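Visitor: Supplied structure: data-v2.txt, compact mmCIF, C-alpha atoms and all ligand atoms.
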# COMPACT_ATOMS: atom_id res chain seq x y z
CA MET A 1186 -22.05 4.13 2.29
CA ILE A 1187 -18.27 3.80 1.87
CA LEU A 1188 -16.90 0.53 0.47
CA VAL A 1189 -13.28 -0.31 1.33
CA THR A 1190 -11.67 -2.89 -0.96
CA GLY A 1191 -8.54 -4.72 0.26
CA ALA A 1192 -10.10 -4.18 3.69
CA THR A 1193 -8.02 -6.91 5.36
CA GLY A 1194 -4.79 -5.56 3.82
CA ASN A 1195 -2.15 -3.10 5.00
CA ILE A 1196 -3.98 0.08 4.00
CA GLY A 1197 -7.55 -1.22 4.12
CA SER A 1198 -7.40 -2.57 7.68
CA ALA A 1199 -6.08 0.79 8.91
CA LEU A 1200 -8.70 2.62 6.86
CA VAL A 1201 -11.75 0.78 8.23
CA LYS A 1202 -10.39 1.37 11.75
CA GLU A 1203 -9.83 5.07 11.12
CA LEU A 1204 -13.23 5.59 9.49
CA ARG A 1205 -14.85 4.09 12.60
CA ALA A 1206 -12.64 6.14 14.93
CA PHE A 1207 -13.75 9.30 13.09
CA GLY A 1208 -17.37 8.23 13.50
CA VAL A 1209 -17.86 8.06 9.75
CA GLY A 1210 -20.55 5.70 8.65
CA PRO A 1211 -21.80 3.48 7.31
CA VAL A 1212 -18.67 1.57 6.24
CA ARG A 1213 -18.43 -1.75 4.45
CA GLY A 1214 -15.26 -3.87 4.10
CA LEU A 1215 -14.74 -6.24 1.17
CA THR A 1216 -13.07 -9.62 1.62
CA ARG A 1217 -13.01 -12.90 -0.27
CA ASP A 1218 -13.49 -14.81 2.99
CA ILE A 1219 -15.93 -13.36 5.48
CA ALA A 1220 -15.25 -16.14 8.02
CA ARG A 1221 -11.56 -15.21 8.27
CA ALA A 1222 -11.82 -11.41 8.13
CA VAL A 1223 -11.80 -9.47 11.40
CA PHE A 1224 -13.25 -5.97 11.17
CA PRO A 1225 -13.94 -3.39 13.90
CA ALA A 1226 -17.46 -3.41 15.34
CA ALA A 1227 -19.98 -1.61 13.13
CA VAL A 1228 -18.01 -2.22 9.94
CA GLU A 1229 -20.16 -4.38 7.71
CA ALA A 1230 -18.19 -7.28 6.22
CA VAL A 1231 -19.17 -8.24 2.69
CA GLU A 1232 -17.86 -11.05 0.53
CA GLY A 1233 -16.80 -10.56 -3.08
CA ASP A 1234 -14.01 -11.45 -5.46
CA MET A 1235 -12.64 -8.65 -7.62
CA ALA A 1236 -11.44 -11.24 -10.11
CA ARG A 1237 -15.19 -11.86 -10.74
CA PRO A 1238 -16.82 -8.39 -10.92
CA ALA A 1239 -20.30 -9.96 -11.04
CA SER A 1240 -19.68 -11.14 -7.45
CA LEU A 1241 -19.41 -7.47 -6.31
CA LYS A 1242 -23.12 -6.66 -6.78
CA ALA A 1243 -24.07 -6.90 -3.09
CA ALA A 1244 -20.88 -5.14 -1.99
CA LEU A 1245 -21.56 -2.14 -4.28
CA GLU A 1246 -25.24 -1.73 -3.42
CA GLY A 1247 -25.89 1.75 -1.99
CA VAL A 1248 -22.19 2.71 -2.13
CA ARG A 1249 -21.38 6.37 -2.90
CA SER A 1250 -17.64 6.38 -2.12
CA LEU A 1251 -15.20 3.61 -3.01
CA PHE A 1252 -11.66 2.99 -1.81
CA LEU A 1253 -10.10 0.94 -4.59
CA VAL A 1254 -7.06 -1.33 -4.48
CA SER A 1255 -6.61 -2.08 -8.17
CA ARG A 1256 -5.11 -4.87 -10.28
CA LEU A 1257 -6.94 -7.60 -8.32
CA GLY A 1258 -9.31 -8.16 -11.23
CA PRO A 1259 -10.45 -6.58 -14.51
CA ASP A 1260 -10.37 -2.93 -13.42
CA ALA A 1261 -12.38 -1.61 -16.39
CA GLU A 1262 -15.26 -3.95 -15.46
CA ILE A 1263 -14.95 -3.18 -11.76
CA LEU A 1264 -15.11 0.57 -12.42
CA GLU A 1265 -18.08 0.13 -14.75
CA ALA A 1266 -19.88 -1.96 -12.09
CA ALA A 1267 -19.18 0.79 -9.54
CA ARG A 1268 -20.47 3.52 -11.85
CA ARG A 1269 -23.63 1.56 -12.63
CA ALA A 1270 -24.22 0.96 -8.91
CA GLY A 1271 -24.20 4.74 -8.33
CA VAL A 1272 -20.69 5.27 -6.92
CA GLU A 1273 -19.86 8.96 -7.13
CA HIS A 1274 -16.23 9.15 -5.89
CA VAL A 1275 -13.37 6.66 -6.17
CA VAL A 1276 -10.14 6.96 -4.17
CA LEU A 1277 -7.58 4.81 -5.99
CA VAL A 1278 -4.29 3.43 -4.66
CA SER A 1279 -1.70 3.79 -7.40
CA SER A 1280 2.06 4.16 -6.91
CA ILE A 1281 4.84 6.76 -6.93
CA THR A 1282 6.51 4.64 -9.62
CA VAL A 1283 3.99 6.05 -12.12
CA GLN A 1284 6.08 9.23 -11.97
CA SER A 1285 9.49 7.87 -10.87
CA HIS A 1286 9.73 4.73 -13.06
CA PRO A 1287 7.03 5.01 -15.75
CA HIS A 1288 8.88 2.50 -17.97
CA LEU A 1289 8.42 -0.40 -15.50
CA GLY A 1290 5.57 -2.90 -15.98
CA PRO A 1291 3.73 -2.32 -12.66
CA ALA A 1292 3.92 1.47 -13.17
CA LYS A 1293 2.42 1.13 -16.65
CA GLU A 1294 -0.40 -0.99 -15.20
CA ASN A 1295 -1.09 1.57 -12.45
CA LEU A 1296 -1.11 4.41 -15.00
CA ALA A 1297 -3.58 2.48 -17.14
CA VAL A 1298 -5.96 2.15 -14.15
CA GLU A 1299 -5.55 5.86 -13.34
CA ARG A 1300 -6.60 6.65 -16.92
CA LEU A 1301 -9.58 4.30 -16.75
CA LEU A 1302 -10.75 5.99 -13.57
CA LYS A 1303 -10.30 9.49 -15.00
CA GLY A 1304 -12.40 8.49 -17.99
CA SER A 1305 -15.08 6.77 -15.91
CA GLY A 1306 -17.27 9.81 -15.28
CA MET A 1307 -16.93 9.37 -11.48
CA THR A 1308 -15.08 11.87 -9.28
CA TRP A 1309 -11.56 10.60 -8.62
CA THR A 1310 -8.70 11.01 -6.17
CA ILE A 1311 -5.44 9.20 -6.88
CA LEU A 1312 -2.97 8.21 -4.18
CA ARG A 1313 0.61 7.58 -5.30
CA PRO A 1314 2.45 6.23 -2.25
CA THR A 1315 6.09 5.27 -2.12
CA GLN A 1316 7.45 1.98 -0.71
CA PHE A 1317 5.41 0.76 2.30
CA ALA A 1318 6.96 0.19 5.75
CA SER A 1319 5.05 -3.10 5.76
CA ASN A 1320 7.35 -4.42 3.00
CA ALA A 1321 9.69 -5.16 5.93
CA LEU A 1322 7.40 -8.13 6.65
CA TRP A 1323 9.35 -9.84 3.84
CA TRP A 1324 12.09 -10.23 6.48
CA ALA A 1325 9.77 -11.50 9.23
CA GLU A 1326 10.27 -15.22 8.75
CA ALA A 1327 14.08 -14.98 8.72
CA ILE A 1328 14.02 -12.75 11.82
CA ARG A 1329 11.64 -15.05 13.70
CA GLU A 1330 13.83 -18.02 12.83
CA ARG A 1331 16.94 -16.12 13.94
CA GLN A 1332 18.57 -16.33 10.55
CA SER A 1333 20.58 -13.48 9.02
CA VAL A 1334 18.38 -11.29 6.86
CA ARG A 1335 19.70 -11.07 3.29
CA VAL A 1336 19.52 -7.45 2.12
CA PRO A 1337 20.63 -5.69 -1.07
CA TYR A 1338 21.27 -1.93 -1.12
CA ALA A 1339 21.56 -1.80 2.69
CA ASP A 1340 22.56 1.88 2.73
CA ILE A 1341 20.14 3.38 0.25
CA GLY A 1342 17.42 5.30 2.07
CA LEU A 1343 13.91 5.64 0.67
CA PRO A 1344 11.15 7.80 2.23
CA THR A 1345 9.19 4.70 3.28
CA ILE A 1346 5.55 5.33 4.26
CA HIS A 1347 3.48 3.80 7.08
CA PRO A 1348 0.35 2.25 5.46
CA ALA A 1349 -1.79 3.93 8.14
CA ASP A 1350 -0.75 7.29 6.67
CA ILE A 1351 -2.03 6.23 3.26
CA ALA A 1352 -5.24 5.24 5.05
CA SER A 1353 -5.41 8.64 6.77
CA VAL A 1354 -5.11 10.46 3.45
CA ALA A 1355 -7.72 8.12 1.97
CA ARG A 1356 -10.07 8.80 4.91
CA ALA A 1357 -9.74 12.55 4.35
CA ALA A 1358 -10.33 12.15 0.60
CA LEU A 1359 -13.37 9.93 1.18
CA THR A 1360 -15.02 12.08 3.84
CA GLU A 1361 -13.98 15.71 3.35
CA PRO A 1362 -14.73 18.03 0.43
CA GLY A 1363 -12.04 19.32 -1.91
CA HIS A 1364 -10.09 16.18 -2.85
CA GLY A 1365 -11.80 15.40 -6.15
CA GLY A 1366 -9.58 15.60 -9.25
CA LEU A 1367 -6.35 15.55 -7.23
CA THR A 1368 -3.34 13.22 -7.37
CA TYR A 1369 -1.37 12.84 -4.15
CA ALA A 1370 2.24 11.66 -4.34
CA MET A 1371 3.04 10.74 -0.75
CA THR A 1372 5.93 9.52 1.39
CA GLY A 1373 6.94 8.99 4.99
CA PRO A 1374 8.67 11.73 7.02
CA GLU A 1375 12.30 10.77 6.27
CA GLN A 1376 14.53 8.55 4.20
CA ILE A 1377 15.37 5.31 5.94
CA THR A 1378 17.83 2.65 4.78
CA PRO A 1379 17.35 -1.12 5.17
CA ARG A 1380 20.18 -1.03 7.74
CA GLN A 1381 18.24 1.56 9.78
CA GLN A 1382 14.96 -0.34 9.33
CA LEU A 1383 16.55 -3.51 10.73
CA ALA A 1384 17.95 -1.50 13.66
CA ALA A 1385 14.43 -0.18 14.36
CA ILE A 1386 13.04 -3.72 14.23
CA ALA A 1387 15.82 -4.92 16.57
CA GLN A 1388 14.91 -2.14 18.99
CA ALA A 1389 11.22 -3.10 18.77
CA VAL A 1390 11.81 -6.82 19.43
CA GLY A 1391 14.49 -6.18 22.04
CA ARG A 1392 17.29 -8.26 20.54
CA GLU A 1393 19.88 -8.10 17.80
CA VAL A 1394 18.74 -8.70 14.23
CA PRO A 1395 21.73 -9.83 12.17
CA PHE A 1396 21.83 -9.19 8.45
CA VAL A 1397 24.15 -9.73 5.54
CA GLU A 1398 24.37 -7.38 2.57
CA ILE A 1399 24.06 -9.31 -0.68
CA SER A 1400 24.72 -8.34 -4.30
CA ARG A 1401 21.99 -7.47 -6.78
CA ALA A 1402 22.60 -10.78 -8.57
CA GLU A 1403 22.11 -12.75 -5.34
CA ALA A 1404 19.01 -10.78 -4.42
CA HIS A 1405 17.65 -11.29 -7.94
CA ARG A 1406 18.09 -15.05 -7.59
CA ASP A 1407 16.29 -15.03 -4.21
CA MET A 1408 13.38 -12.91 -5.47
CA ALA A 1409 12.94 -14.29 -8.98
CA ALA A 1410 12.21 -17.70 -7.45
CA PHE A 1411 8.82 -16.45 -6.27
CA LEU A 1412 8.25 -13.14 -8.12
CA GLY A 1413 9.58 -14.04 -11.57
CA ASP A 1414 12.45 -12.33 -13.41
CA GLU A 1415 10.77 -9.13 -14.52
CA ALA A 1416 9.13 -8.31 -11.20
CA ALA A 1417 12.35 -9.11 -9.30
CA ALA A 1418 14.29 -6.73 -11.54
CA ALA A 1419 11.66 -4.01 -11.06
CA VAL A 1420 11.74 -4.39 -7.25
CA LEU A 1421 15.54 -4.19 -7.25
CA ASP A 1422 15.52 -1.08 -9.46
CA ILE A 1423 13.12 0.79 -7.21
CA THR A 1424 14.77 -0.26 -3.95
CA GLY A 1425 18.27 0.83 -4.91
CA GLY A 1426 19.44 -0.18 -8.37
CA ASP A 1427 17.90 2.71 -10.31
CA VAL A 1428 16.65 5.33 -7.86
CA ASN A 1429 16.06 8.97 -8.78
CA GLU A 1430 14.99 12.25 -7.18
CA GLU A 1431 11.31 11.59 -7.86
CA LEU A 1432 11.54 8.41 -5.76
CA LEU A 1433 13.92 9.72 -3.09
CA SER A 1434 12.21 13.04 -2.29
CA VAL A 1435 10.48 13.36 1.07
CA ARG A 1436 7.04 14.95 0.52
CA ASN A 1437 4.79 16.56 3.13
CA THR A 1438 1.50 15.47 1.52
CA VAL A 1439 0.41 13.40 4.54
CA THR A 1440 0.71 16.39 6.87
CA GLN A 1441 -0.88 18.78 4.37
CA VAL A 1442 -3.91 16.53 3.87
CA THR A 1443 -4.36 15.10 7.39
CA ARG A 1444 -2.92 17.98 9.48
CA ALA A 1445 -0.94 15.36 11.46
CA PRO A 1446 2.75 14.44 11.23
CA ALA A 1447 3.60 11.44 9.06
CA ARG A 1448 4.32 8.29 11.09
CA THR A 1449 7.92 7.03 11.30
CA PHE A 1450 9.24 3.60 10.41
CA ALA A 1451 10.12 3.15 14.10
CA GLN A 1452 6.44 3.57 14.96
CA TRP A 1453 5.48 0.94 12.39
CA ALA A 1454 8.15 -1.44 13.77
CA GLY A 1455 6.88 -0.93 17.34
CA GLU A 1456 3.28 -1.62 16.31
CA ASN A 1457 4.29 -4.75 14.39
CA ALA A 1458 6.99 -6.14 16.69
CA ASP A 1459 5.04 -9.37 17.28
CA SER A 1460 5.37 -10.27 13.59
CA PHE A 1461 9.14 -10.49 14.11
CA ARG A 1462 9.17 -12.32 17.47
N1 LIG B 1 3.97 -2.36 -1.11
C1 LIG B 1 4.42 -1.24 -1.62
O1 LIG B 1 5.54 -0.80 -1.35
C2 LIG B 1 3.52 -0.45 -2.56
C3 LIG B 1 3.97 0.81 -3.02
C4 LIG B 1 3.13 1.56 -3.83
C5 LIG B 1 1.86 1.09 -4.17
N2 LIG B 1 1.47 -0.14 -3.70
C6 LIG B 1 0.12 -0.61 -4.06
O2 LIG B 1 -0.64 -0.84 -2.90
C7 LIG B 1 -1.61 -1.84 -3.16
C8 LIG B 1 -1.60 -2.90 -2.07
O3 LIG B 1 -2.11 -2.34 -0.90
P1 LIG B 1 -2.02 -3.13 0.48
O4 LIG B 1 -0.58 -3.41 0.79
O5 LIG B 1 -2.87 -2.43 1.46
O6 LIG B 1 -2.70 -4.49 0.05
P2 LIG B 1 -2.44 -5.94 0.69
O7 LIG B 1 -2.05 -5.82 2.13
O8 LIG B 1 -1.58 -6.68 -0.25
O9 LIG B 1 -3.89 -6.51 0.69
C9 LIG B 1 -4.65 -6.66 -0.44
C10 LIG B 1 -6.01 -7.16 0.01
O10 LIG B 1 -6.72 -7.38 -1.19
C11 LIG B 1 -7.60 -8.45 -0.97
N3 LIG B 1 -7.68 -9.20 -2.22
C12 LIG B 1 -6.72 -9.91 -2.87
N4 LIG B 1 -7.23 -10.47 -3.99
C13 LIG B 1 -8.54 -10.12 -4.01
C14 LIG B 1 -9.62 -10.40 -4.90
N5 LIG B 1 -9.45 -11.17 -6.00
N6 LIG B 1 -10.84 -9.87 -4.62
C15 LIG B 1 -11.04 -9.12 -3.51
N7 LIG B 1 -10.06 -8.82 -2.64
C16 LIG B 1 -8.84 -9.33 -2.90
C17 LIG B 1 -7.07 -9.32 0.16
O11 LIG B 1 -8.15 -9.46 1.06
P3 LIG B 1 -8.89 -10.88 1.35
O12 LIG B 1 -7.80 -11.92 1.40
O13 LIG B 1 -9.56 -10.64 2.67
O14 LIG B 1 -9.86 -11.07 0.23
C18 LIG B 1 -5.98 -8.45 0.80
O15 LIG B 1 -6.25 -8.14 2.13
C19 LIG B 1 -1.29 -2.44 -4.52
O16 LIG B 1 -2.15 -1.87 -5.48
C20 LIG B 1 0.13 -1.96 -4.77
O17 LIG B 1 0.43 -1.80 -6.14
C21 LIG B 1 2.26 -0.90 -2.90
What does the file become when written as structure tokens?
Guide:
Amino acid sequence: MILVTGATGNIGSALVKELRAFGVGPVRGLTRDIARAVFPAAVEAVEGDMARPASLKAALEGVRSLFLVSRLGPDAEILEAARRAGVEHVVLVSSITVQSHPHLGPAKENLAVERLLKGSGMTWTILRPTQFASNALWWAEAIRERQSVRVPYADIGLPTIHPADIASVARAALTEPGHGGLTYAMTGPEQITPRQQLAAIAQAVGREVPFVEISRAEAHRDMAAFLGDEAAAAVLDITGGDVNEELLSVRNTVTQVTRAPARTFAQWAGENADSFR
């Protein structure tokens, strides 16, 4: 049995679909609200709240492989519950910032979970993706309402990754031999700037998408209102204010692991055009 946490999220929803498409089974998807979650046929939906590890008992029963989105609850307790339930292999979503920006708070938290997993006694595979294409959904409301999108660092290109590619690497790690004890830093196939992302979204929705480039201070004000000061500063650093080679490099991990080309941002925009209409 494979348990996918975050199964209604960007990576998890693609992962349960891909596991079914590959005929892998049985597969279970975790959600806090079984009535709202929509999973492909033959994926067993199970309710649980990672903030309350005791609620994961039914979800973990019979599970041998676990796809783990971390920092949704006390990860040490969640990993211990998994180990006790008999989980043998955990595929963990971490972040490229562990190696590009280890001084930032979220990177420190991800590194701490990586260390917990490595010390857990279970086989581990760590995924360190770069910025997700789905972060463009932050612009969706403005685009739907035909307002100008406010964008800092409009011409700094990052090797943004399609969440389905993270899912494809996770599927390989969960179902094929040889991925235990490995850490995969992974990116999309090319660097793409916010300006180019908005052009791809415009192409996908079939109309112009106006935007205005704003300063870091303006963007910080916008973001801090809902993320808080520290998280807003971290997001701005890693999207343009303090980028480095480790973050900017295009890596061919997706192709090496899945034997398929990494998906482009344009593909993601085409698949998600309705979110911007
Ligand atoms: N975005 C980026 O650019 C980026 C870059 C690098 C790494 N990452 C990492 O990627 C991960 C996020 O992946 P994602 O985008 O696929 O996730 P996501 O779309 O944000 O979805 C997370 C899922 O987790 C579930 N969830 C939330 N709280 C929960 C709880 N208390 N108990 C059980 N489930 C809970 C939600 O499902 P229900 O509502 O159905 O319960 C939700 O579908 C994070 O660890 C992040 O650090 C992100």
Visitor: Restricting the calculation to only C-alpha atoms and all ligand atoms: of A:Glu1403, A:Glu1273, A:Glu1326, A:Glu1232, which residue gets closest to ligand LIG 1 (chain B)?
Guide: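 That would be A:Glu1232, the residue with the smallest distance to ligand LIG 1 (chain B).
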Visitor: What does the structure give for the distance between CA of Ile1328 (chain A) and CA of Phe1461 (chain A), in Å to one decimal?
Guide: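 According to the coordinates, CA of Ile1328 (chain A) and CA of Phe1461 (chain A) are separated by 5.8 Å.
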Visitor: Please return, as a PyMOL selection string, all polymer residues that have at least one atom within 9 Å of the point (3.6, -0.4, 5.1); use all atoms listed in the file and the file's own coordinate frame.
Guide: chain A and resi 1195-1196+1316-1322+1345-1351+1450+1453
Visitor: Go through the chains and note each residue within 9 Å of ligand LIG 1 (chain B), using only C-alpha atoms and all ligand atoms, then give the set as an MDAnalysis selection string.
Guide: chainID A and resid 1190:1199 1214:1219 1221:1222 1232:1238 1241 1253:1258 1277:1282 1291:1292 1295 1312:1320 1345:1346 1348 1351:1352
Visitor: Could you tell me how far CA of Ala1358 (chain A) sits from CA of Glu1262 (chain A), in Å to one decimal place?
Guide: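 Pair CA of Glu1262 (chain A) / CA of Ala1358 (chain A) returns 23.3 Å.
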Visitor: I'd like the interatomic distance between CA of Arg1436 (chain A) and CA of Ile1423 (chain A), to a tenth of an Å.
Guide: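 Computed distance, CA of Arg1436 (chain A) to CA of Ile1423 (chain A), equals 17.2 Å.
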Visitor: So that I can check the surroundings of region 1389-1397 of chain A, please list as an MDAnalysis selection string every protein, DNA and RNA residue that reaches within 9 Å of it, counting all atoms listed in the file and ignoring chain neighbours fewer than 3 positions away.
Guide: chainID A and resid 1328 1331:1337 1339 1380 1383:1386 1451 1454:1459 1461:1462
Visitor: Show which residues sit within 8 Å of Glu1431 (chain A), as an mmCIF file with C-alpha atoms, in the frame of the given file. Count all atoms listed in the file, and ignore same-chain residues fewer than 3 positions away.
Guide:
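Contents of the output file result_0.cif:
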data_model
loop_
_atom_site.group_PDB
_atom_site.id
_atom_site.type_symbol
_atom_site.label_atom_id
_atom_site.label_comp_id
_atom_site.auth_asym_id
_atom_site.auth_seq_id
_atom_site.Cartn_x
_atom_site.Cartn_y
_atom_site.Cartn_z
ATOM 1 C CA GLN A 1284 6.080 9.230 -11.970
ATOM 2 C CA SER A 1285 9.490 7.870 -10.870
ATOM 3 C CA SER A 1434 12.210 13.040 -2.290
#
Visitor: Which one is closest to Glu1430 (chain A): A:Val1272, A:Ile1311, A:Ala1227, A:Leu1343? Count all atoms listed in the file.
Guide: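 Of A:Val1272, A:Ile1311, A:Ala1227, A:Leu1343, the one nearest Glu1430 (chain A) is A:Leu1343, counting all atoms listed in the file.
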